[in-house]
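Heads up, the thing below is written out as structure tokens.
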Amino acid sequence: MLKLDNIHVYYGAIHALKGISFEVNKGEIVTLIGSNGAGKTTCLKTISGLLQPKEGTLTFHDKDLTTISAPKIVASGISHVPEGRRIFANMTVSENLDLGAYLRKDKEGIKEDLEMVYGLFPRLKERRRQIAGTLSGGEQQMLAMGRALMSRPELLLLDEPSMGLAPILVKQIFEIIQTINSQGTTVLLVEQNARMALSIANRAYVLETGKIVLSGNAKELMQSEEIKKAYLGG
Amino acid sequence: MGSVEFAAQQLINGLSLGSIYALIALGYTMVYGIIQLINFAHGDIMMVGAFIGWFCTTVLKMAFLPALIISMTITAILGMLIERIAYKPLRKSTRLAALITAIGMSFFLEYGGILVVGPQTRTFPDVFPQTLYNVGGVTFKYGDIVIILTTVVLMTILQFVIKYTRIGKAMRAVSFDKDASALMGINVDNTISATFAIGSSLAAAAGVLMGVYFNTINPLMGIMPGLKAFIAAVLGGIGIIPGAMLGGIAMGLIESIVSGLGFSTWRDAVAFLILIIVLIVKPTGLLGKNIREKV
């Protein structure tokens with residue numbers, strides 16, 4: 001359903017993505033793994049329209065999204081949970097969730113999805129009147145994910161959901177990602193925590209300095225010697 | 001006059017003047033909040049609003065309220081145009097480039113105004129009865145009541161818009177994080193335009209009220225109140241809306257107390273002294289606080 005074809009992205013003179021091509025199919029969890037600076041975040045930002053590729057095409061359900069702006073991409077069914085969560089720390093939890101549904105007009109559907117999000121993250125319901133900046137790191141991650149789900153996306157882009165969280169919380173967040181996926185949302189997951197990412201993904205792509213160097217079934221990649229050495233600590 | 005009456009009198013004067021400063025300061029603070037630009041042309045936008053109000057009441061013989069609404073509407077459009085033409089192309093440039101452009105825009109409006117309407121001072125018609133009310137030794141004009149009332153109404157509407165409406169939520173989101181807002185589907189450019197429109201219309205209201213209050217207007221009338229409203233915004237905490245309201249009222253009260261004590265020649269100096277003290281003692285302003293981001 002999502003297809004990147006020979007995408008090149010530059011930051012000024014820096015060539016960050018050097019011809020990336022990959023696909024995400026409906027219902028999958030696909031992960032992009034790679035070290036710092038490999039281009040994982042750049043990839044997601046390009047998909048969600050925060051960055052524009054200089055070359056290449058980006059299609060979603062056969063619709064060309066290459067030069068479409070971020071707000072319109074949200075409208076077409078892709079929602080991005082950015083790195084560092086980027087919640088609106090000066091607003092309440094429920095205001096953050098409202099903003100996630102900014103483009104929607106169906107009051108009933110929004111209400112349903114709010115209940116769905118509160119069901120996934122009961123902590124957010126308890127704290128719905130609290131200012132988001134006062135939440136713990138894990139709760140902020142939950143809020144960022146809940147906010148993204150409020151647009152009822154077909155495809156959810158997740159950038160480093162495990163960043164800065166205690167192992168127990170990481171486990172919880174990954175379980176929730178699986179739940180979200182099983183309820184019908186396709187997931188593209190970017191992670192430095194390759195072991196966790198591969199354990200829940202169907203397929204994976206490995207990025208190195210702006211290029212895809214390996215791809216395949218997640219379970220198989222987990223067994224590969226190369227991956228073990230480079231990303232799984234031996 | 002006893003000291004209680006004296007205090008009450010300065011309170012009335014200060015509230016009127018402070019309301020006008022607060023209305024202008026709101027525009028400064030909203031624009032700063034959303035694109036981190038000190039829009040030095042803001043005082044001159046107020047001047048344009050005053051002239052539109054003058055035109056409506058003098059030439060078109062309108063009453064106060066329709067004149068106020070028309071002035072606010074046209075000035076809102078002017079504010080959006082200024083943003084699109086002068087500031088938007090510089091959004092990715094250094095902040096200094098935009099600041100200098102704002103100063104240029106200020107001169108453009110001042111001297112463009114002189115070119116169009118002439119440099120002479122004009123008299124604002126008496127849209128209100130010049131009755132003086134006297135309550136227990138404190139005198140106030142009909143105009144005082146109108147100014148304070150208009151300001152209260154506009155600020156209440158503004159608070160409602162910011163807190164509960166779609167555009168208000170979008171404005172708060174964009175002022176906090178533009179990229180994250182775009183990821184919610186918010187059109188950042190339109191939201192910035194709306195902020196300029198609202199800020200400019202509040203300045204126009206201040207301009208019309210100033211015309212009503214001081215009876216005279218001229219193309220350079222925006223400079224001093226503009227600077228003082230800027231100080232008011234800094235005093236309250238730039239980027240913070242309740243701060244601009246508080247800062248404006250505080251500035252008005254301080255000025256009227258200084259004048260009331262017989263130091264009216266020192267009025268402007270005191271305003272700038274306040275700026276210096278705020279910058280030294282609490283640069284984030286009265287309501288400013290540092291929110292740290294959790295990582």
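We label chains A, B, ... in the order they appear in the structure tokens, count residues from 1 in each chain, and number ligands from 1 in the order shown.
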Residue neighbourhood Asn187 (chain B), 9 Å, only C-alpha atoms, exclusion window fewer than 2 positions, as a PDB file with N, CA and C atoms, in the first residue's frame:
ATOM      1  N   ALA A  70       2.446  17.966   4.410  1.00  0.00           N
ATOM      2  CA  ALA A  70       2.163  17.111   5.568  1.00  0.00           C
ATOM      3  C   ALA A  70       0.666  17.057   5.948  1.00  0.00           C
ATOM      4  N   PRO A  71      -0.039  18.205   6.044  1.00  0.00           N
ATOM      5  CA  PRO A  71      -1.442  18.118   6.456  1.00  0.00           C
ATOM      6  C   PRO A  71      -2.282  17.242   5.514  1.00  0.00           C
ATOM      7  N   LYS A  72      -1.980  17.302   4.217  1.00  0.00           N
ATOM      8  CA  LYS A  72      -2.767  16.514   3.261  1.00  0.00           C
ATOM      9  C   LYS A  72      -2.429  15.038   3.367  1.00  0.00           C
TER      10      LYS A  72
ATOM     11  N   ALA B 170      -5.489  25.307  17.024  1.00  0.00           N
ATOM     12  CA  ALA B 170      -4.435  25.248  16.012  1.00  0.00           C
ATOM     13  C   ALA B 170      -3.359  26.294  16.310  1.00  0.00           C
ATOM     14  N   SER B 181       2.471  20.162  14.584  1.00  0.00           N
ATOM     15  CA  SER B 181       1.153  20.639  14.183  1.00  0.00           C
ATOM     16  C   SER B 181       0.820  20.177  12.770  1.00  0.00           C
ATOM     17  N   ALA B 182       1.815  20.281  11.884  1.00  0.00           N
ATOM     18  CA  ALA B 182       1.587  19.841  10.505  1.00  0.00           C
ATOM     19  C   ALA B 182       1.230  18.357  10.485  1.00  0.00           C
ATOM     20  N   GLY B 185      -2.276  17.589  10.795  1.00  0.00           N
ATOM     21  CA  GLY B 185      -3.118  18.027   9.685  1.00  0.00           C
ATOM     22  C   GLY B 185      -3.409  19.512   9.714  1.00  0.00           C
ATOM     23  N   ASP B 189       0.612  27.649   7.611  1.00  0.00           N
ATOM     24  CA  ASP B 189       0.575  28.983   6.998  1.00  0.00           C
ATOM     25  C   ASP B 189      -0.746  29.704   7.289  1.00  0.00           C
ATOM     26  N   ASN B 190      -1.845  28.984   7.122  1.00  0.00           N
ATOM     27  CA  ASN B 190      -3.145  29.611   7.374  1.00  0.00           C
ATOM     28  C   ASN B 190      -3.300  29.990   8.840  1.00  0.00           C
ATOM     29  N   THR B 191      -2.743  29.163   9.718  1.00  0.00           N
ATOM     30  CA  THR B 191      -2.847  29.460  11.143  1.00  0.00           C
ATOM     31  C   THR B 191      -2.055  30.717  11.487  1.00  0.00           C
ATOM     32  N   ILE B 192      -0.887  30.875  10.867  1.00  0.00           N
ATOM     33  CA  ILE B 192      -0.096  32.086  11.099  1.00  0.00           C
ATOM     34  C   ILE B 192      -0.851  33.303  10.561  1.00  0.00           C
TER      35      ILE B 192
END
Can you pull out the residues contacting Ala75 (chain A)? Cut-off 10 Å, using only C-alpha atoms, and skip same-chain residues under 4 positions away; I want them as a PDB file with N, CA and C atoms, in the first residue's frame.
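So out-v1.pdb came out as:
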ATOM      1  N   ALA A  70       2.446  17.966   4.410  1.00  0.00           N
ATOM      2  CA  ALA A  70       2.163  17.111   5.568  1.00  0.00           C
ATOM      3  C   ALA A  70       0.666  17.057   5.948  1.00  0.00           C
ATOM      4  N   PRO A  71      -0.039  18.205   6.044  1.00  0.00           N
ATOM      5  CA  PRO A  71      -1.442  18.118   6.456  1.00  0.00           C
ATOM      6  C   PRO A  71      -2.282  17.242   5.514  1.00  0.00           C
ATOM      7  N   SER A  79      -0.341   8.519   9.580  1.00  0.00           N
ATOM      8  CA  SER A  79      -0.122   9.304  10.777  1.00  0.00           C
ATOM      9  C   SER A  79       1.264   9.001  11.340  1.00  0.00           C
ATOM     10  N   TYR A 102      -7.856  16.566  14.425  1.00  0.00           N
ATOM     11  CA  TYR A 102      -8.087  17.919  13.897  1.00  0.00           C
ATOM     12  C   TYR A 102      -8.831  17.943  12.565  1.00  0.00           C
ATOM     13  N   LEU A 103      -8.518  17.004  11.681  1.00  0.00           N
ATOM     14  CA  LEU A 103      -9.116  17.051  10.342  1.00  0.00           C
ATOM     15  C   LEU A 103     -10.462  16.359  10.259  1.00  0.00           C
ATOM     16  N   ARG A 104     -10.873  15.723  11.361  1.00  0.00           N
ATOM     17  CA  ARG A 104     -12.100  14.941  11.276  1.00  0.00           C
ATOM     18  C   ARG A 104     -13.325  15.746  11.684  1.00  0.00           C
ATOM     19  N   SER A 151      -6.437  10.219  14.330  1.00  0.00           N
ATOM     20  CA  SER A 151      -6.788  10.565  12.947  1.00  0.00           C
ATOM     21  C   SER A 151      -7.292   9.330  12.207  1.00  0.00           C
ATOM     22  N   ARG A 152      -7.434   8.228  12.911  1.00  0.00           N
ATOM     23  CA  ARG A 152      -7.852   6.932  12.363  1.00  0.00           C
ATOM     24  C   ARG A 152      -7.033   6.581  11.125  1.00  0.00           C
ATOM     25  N   PRO A 153      -5.721   6.432  11.326  1.00  0.00           N
ATOM     26  CA  PRO A 153      -4.854   6.197  10.164  1.00  0.00           C
ATOM     27  C   PRO A 153      -4.931   4.759   9.675  1.00  0.00           C
TER      28      PRO A 153
ATOM     29  N   LEU B 183       1.841  17.588  11.388  1.00  0.00           N
ATOM     30  CA  LEU B 183       1.544  16.150  11.447  1.00  0.00           C
ATOM     31  C   LEU B 183       0.126  15.876  11.960  1.00  0.00           C
ATOM     32  N   MET B 184      -0.487  16.855  12.605  1.00  0.00           N
ATOM     33  CA  MET B 184      -1.883  16.700  13.028  1.00  0.00           C
ATOM     34  C   MET B 184      -2.829  17.055  11.886  1.00  0.00           C
ATOM     35  N   GLY B 185      -2.276  17.589  10.795  1.00  0.00           N
ATOM     36  CA  GLY B 185      -3.118  18.027   9.685  1.00  0.00           C
ATOM     37  C   GLY B 185      -3.409  19.512   9.714  1.00  0.00           C
TER      38      GLY B 185
END
Got a sec: who's within 7 Å of Ile249 (chain B), counting only C-alpha atoms, leaving out chain neighbours fewer than 4 positions off, as a PDB file with N, CA and C atoms, in the first residue's frame?
ATOM      1  N   LEU B  15      -6.631  52.406  33.990  1.00  0.00           N
ATOM      2  CA  LEU B  15      -7.338  51.284  33.364  1.00  0.00           C
ATOM      3  C   LEU B  15      -7.693  51.593  31.916  1.00  0.00           C
ATOM      4  N   GLY B  18      -4.386  51.661  30.057  1.00  0.00           N
ATOM      5  CA  GLY B  18      -3.846  50.300  30.098  1.00  0.00           C
ATOM      6  C   GLY B  18      -4.621  49.350  29.200  1.00  0.00           C
ATOM      7  N   SER B  19      -5.937  49.566  29.075  1.00  0.00           N
ATOM      8  CA  SER B  19      -6.738  48.715  28.186  1.00  0.00           C
ATOM      9  C   SER B  19      -6.240  48.848  26.754  1.00  0.00           C
ATOM     10  N   ALA B  22      -2.996  47.136  26.420  1.00  0.00           N
ATOM     11  CA  ALA B  22      -3.178  45.678  26.464  1.00  0.00           C
ATOM     12  C   ALA B  22      -3.653  45.156  25.116  1.00  0.00           C
ATOM     13  N   MET B 245      -2.168  41.022  28.640  1.00  0.00           N
ATOM     14  CA  MET B 245      -3.271  41.748  29.277  1.00  0.00           C
ATOM     15  C   MET B 245      -2.785  42.396  30.574  1.00  0.00           C
ATOM     16  N   LEU B 253      -1.463  51.752  34.409  1.00  0.00           N
ATOM     17  CA  LEU B 253      -1.561  52.210  35.796  1.00  0.00           C
ATOM     18  C   LEU B 253      -0.294  52.952  36.219  1.00  0.00           C
TER      19      LEU B 253
END
Could you produce a table of the residues of chain B lying within 10 Å of chain A, with the nearest pair of atoms per residue and their separation in Å rounded to one decimal, using only C-alpha atoms, ordered by chain and increasing residue number, as JSON lines?
{"residue": "B:Lys163", "atom": "CA", "partner": "A:Glu95", "partner_atom": "CA", "distance": 9.8}
{"residue": "B:Tyr164", "atom": "CA", "partner": "A:Glu95", "partner_atom": "CA", "distance": 9.7}
{"residue": "B:Arg166", "atom": "CA", "partner": "A:Tyr102", "partner_atom": "CA", "distance": 7.8}
{"residue": "B:Ile167", "atom": "CA", "partner": "A:Tyr102", "partner_atom": "CA", "distance": 10.0}
{"residue": "B:Lys169", "atom": "CA", "partner": "A:Leu99", "partner_atom": "CA", "distance": 7.5}
{"residue": "B:Ala170", "atom": "CA", "partner": "A:Leu99", "partner_atom": "CA", "distance": 7.8}
{"residue": "B:Arg172", "atom": "CA", "partner": "A:Met91", "partner_atom": "CA", "distance": 8.4}
{"residue": "B:Ala173", "atom": "CA", "partner": "A:Phe88", "partner_atom": "CA", "distance": 6.5}
{"residue": "B:Val174", "atom": "CA", "partner": "A:Phe88", "partner_atom": "CA", "distance": 9.4}
{"residue": "B:Ser175", "atom": "CA", "partner": "A:Phe88", "partner_atom": "CA", "distance": 9.8}
{"residue": "B:Phe176", "atom": "CA", "partner": "A:Phe88", "partner_atom": "CA", "distance": 6.6}
{"residue": "B:Asp177", "atom": "CA", "partner": "A:Phe88", "partner_atom": "CA", "distance": 7.3}
{"residue": "B:Asp179", "atom": "CA", "partner": "A:Leu50", "partner_atom": "CA", "distance": 7.1}
{"residue": "B:Ala180", "atom": "CA", "partner": "A:Arg86", "partner_atom": "CA", "distance": 6.2}
{"residue": "B:Ser181", "atom": "CA", "partner": "A:Leu99", "partner_atom": "CA", "distance": 8.3}
{"residue": "B:Ala182", "atom": "CA", "partner": "A:Pro71", "partner_atom": "CA", "distance": 5.3}
{"residue": "B:Leu183", "atom": "CA", "partner": "A:Ala70", "partner_atom": "CA", "distance": 6.0}
{"residue": "B:Met184", "atom": "CA", "partner": "A:Gly100", "partner_atom": "CA", "distance": 5.3}
{"residue": "B:Gly185", "atom": "CA", "partner": "A:Pro71", "partner_atom": "CA", "distance": 3.6}
{"residue": "B:Ile186", "atom": "CA", "partner": "A:Pro71", "partner_atom": "CA", "distance": 5.8}
{"residue": "B:Asn187", "atom": "CA", "partner": "A:Pro71", "partner_atom": "CA", "distance": 6.2}
{"residue": "B:Val188", "atom": "CA", "partner": "A:Pro71", "partner_atom": "CA", "distance": 8.8}
{"residue": "B:Ile291", "atom": "CA", "partner": "A:Gly133", "partner_atom": "CA", "distance": 7.9}
{"residue": "B:Arg292", "atom": "CA", "partner": "A:Gly133", "partner_atom": "CA", "distance": 8.2}
{"residue": "B:Glu293", "atom": "CA", "partner": "A:Gly133", "partner_atom": "CA", "distance": 7.1}
{"residue": "B:Lys294", "atom": "CA", "partner": "A:Gly137", "partner_atom": "CA", "distance": 6.6}
{"residue": "B:Val295", "atom": "CA", "partner": "A:Gly137", "partner_atom": "CA", "distance": 6.7}
With a distance cut-off of 8 Å and only C-alpha atoms, select the neighbouring residues of Gly184 (chain A), excluding the residue or stretch itself and same-chain residues fewer than 2 positions from it, and output the selection as a list in words. Gly27, Glu154, Ile180, Asn181, Ser182 and Thr186 of chain A
Using only C-alpha atoms, the residue out of A:Ile173, A:Ile7, A:Val93, A:Leu188 with shortest distance to Lys26 (chain A) is A:Leu188
Fewer than 5 positions away in the same chain doesn't count, so skip those; otherwise give me all residues within 8 Å of Leu232 (chain A), counting only C-alpha atoms, as number ranges by chain. A: 194-195, 227
Give me the residues within 12 Å of Phe128 (chain B) as a PyMOL selection string, counting only C-alpha atoms and dropping any in the same chain fewer than 5 places off. chain B and resi 57+63-65+141-147+209+211-213+215
Those residues with C-alpha atoms, as a PDB file, in the first residue's frame please?
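Output saved as part09.pdb:
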ATOM      1  CA  THR B  57     -17.110  58.171  11.707  1.00  0.00           C
ATOM      2  CA  ALA B  63     -21.707  55.264  14.830  1.00  0.00           C
ATOM      3  CA  PHE B  64     -18.955  53.909  17.061  1.00  0.00           C
ATOM      4  CA  LEU B  65     -19.758  50.200  16.903  1.00  0.00           C
ATOM      5  CA  LYS B 141     -15.681  60.248  31.036  1.00  0.00           C
ATOM      6  CA  TYR B 142     -18.215  58.251  29.107  1.00  0.00           C
ATOM      7  CA  GLY B 143     -15.265  57.271  26.900  1.00  0.00           C
ATOM      8  CA  ASP B 144     -13.465  55.666  29.858  1.00  0.00           C
ATOM      9  CA  ILE B 145     -16.347  53.285  30.352  1.00  0.00           C
ATOM     10  CA  VAL B 146     -16.538  52.461  26.638  1.00  0.00           C
ATOM     11  CA  ILE B 147     -12.809  51.756  26.439  1.00  0.00           C
ATOM     12  CA  LEU B 209     -10.323  53.684  21.071  1.00  0.00           C
ATOM     13  CA  GLY B 211      -8.881  58.232  18.624  1.00  0.00           C
ATOM     14  CA  VAL B 212     -11.964  58.353  20.808  1.00  0.00           C
ATOM     15  CA  TYR B 213      -9.938  58.912  23.959  1.00  0.00           C
ATOM     16  CA  ASN B 215      -9.487  62.999  20.049  1.00  0.00           C
TER      17      ASN B 215
END
Have a look at A:Ala218, A:Leu17, A:Val187, A:Leu207 and name the one nearest to Leu51 (chain A); count only C-alpha atoms. A:Leu17
Could you list, as JSON, numbers by chain, every residue within 10 Å of Ser201 (chain B), counting only C-alpha atoms and ignoring same-chain residues fewer than 5 positions away? {"B": [23, 24, 27, 45, 46, 49, 68, 69, 70, 71, 72, 73, 74, 75, 76, 77, 78, 79, 195, 196, 206, 207]}
Those residues you just picked out, can you put them in a file as a short mmCIF file (atom, residue, chain, number, x, y, z; two decimals), in the first residue's frame with C-alpha atoms?
data_model
loop_
_atom_site.label_atom_id
_atom_site.label_comp_id
_atom_site.auth_asym_id
_atom_site.auth_seq_id
_atom_site.Cartn_x
_atom_site.Cartn_y
_atom_site.Cartn_z
CA LEU B 23 -5.07 45.42 23.18
CA ILE B 24 -1.93 46.38 21.25
CA GLY B 27 -0.97 41.41 18.94
CA ILE B 45 -1.13 48.84 12.14
CA MET B 46 -2.98 50.36 15.08
CA GLY B 49 -7.02 51.11 12.29
CA LEU B 68 -15.08 49.71 15.14
CA ILE B 69 -16.12 46.52 13.38
CA ILE B 70 -15.25 47.81 9.91
CA SER B 71 -11.89 49.09 11.09
CA MET B 72 -11.11 45.76 12.76
CA THR B 73 -12.08 43.82 9.63
CA ILE B 74 -10.08 45.86 7.13
CA THR B 75 -7.06 46.02 9.41
CA ALA B 76 -7.21 42.24 9.89
CA ILE B 77 -6.89 41.84 6.13
CA LEU B 78 -4.02 44.34 6.09
CA GLY B 79 -2.24 42.34 8.78
CA THR B 195 -2.89 35.00 14.12
CA PHE B 196 -1.89 38.14 12.23
CA ALA B 206 -7.03 49.99 20.14
CA GLY B 207 -6.53 52.59 17.40
#
Could you pull out all residues of region 155-234 of chain A with a DSSP call of strand (DSSP E) and give them as a PyMOL selection string? chain A and resi 155-159+186-191+203-208+211-217
For the residues in the current selection, export C-alpha atoms as a compact mmCIF listing (two decimals), in the first residue's frame.
# COMPACT_ATOMS: atom_id res chain seq x y z
CA LEU A 155 -0.71 3.45 8.24
CA LEU A 156 1.01 4.43 11.47
CA LEU A 157 4.62 5.62 11.33
CA LEU A 158 6.44 5.16 14.63
CA ASP A 159 9.82 6.77 15.19
CA THR A 186 -0.51 -1.12 9.30
CA VAL A 187 2.70 -0.12 11.10
CA LEU A 188 6.03 1.17 9.85
CA LEU A 189 8.39 1.14 12.81
CA VAL A 190 11.78 2.80 13.04
CA GLU A 191 13.94 1.54 15.88
CA ARG A 203 9.57 -7.78 7.56
CA ALA A 204 12.58 -5.53 8.04
CA TYR A 205 14.86 -3.26 6.07
CA VAL A 206 18.34 -2.41 7.28
CA LEU A 207 19.62 1.08 6.56
CA GLU A 208 23.24 2.14 6.46
CA LYS A 211 20.96 3.11 1.68
CA ILE A 212 19.11 -0.13 2.23
CA VAL A 213 21.74 -2.82 2.65
CA LEU A 214 19.61 -5.77 3.71
CA SER A 215 15.98 -6.71 3.73
CA GLY A 216 13.83 -9.69 4.41
CA ASN A 217 11.69 -11.60 6.81
So which residues of region 80-180 of chain A fall under helix (DSSP H, G or I) by DSSP, listed as an MDAnalysis selection string? chainID A and resid 93:100 107:120 122:126 132:134 137:149 167:180
Selected residue of minimal separation from Met1 (chain A) among A:Asp64, A:Glu226, A:Glu108, A:Glu175, counting only C-alpha atoms: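 That would be A:Asp64, the residue with the smallest distance to Met1 (chain A).
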Pairwise distance for CA of Phe107 (chain B) and CA of Lys92 (chain B), rounded to one decimal in Å: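 Computing the Euclidean distance for CA of Phe107 (chain B) and CA of Lys92 (chain B) yields 23.3 Å.
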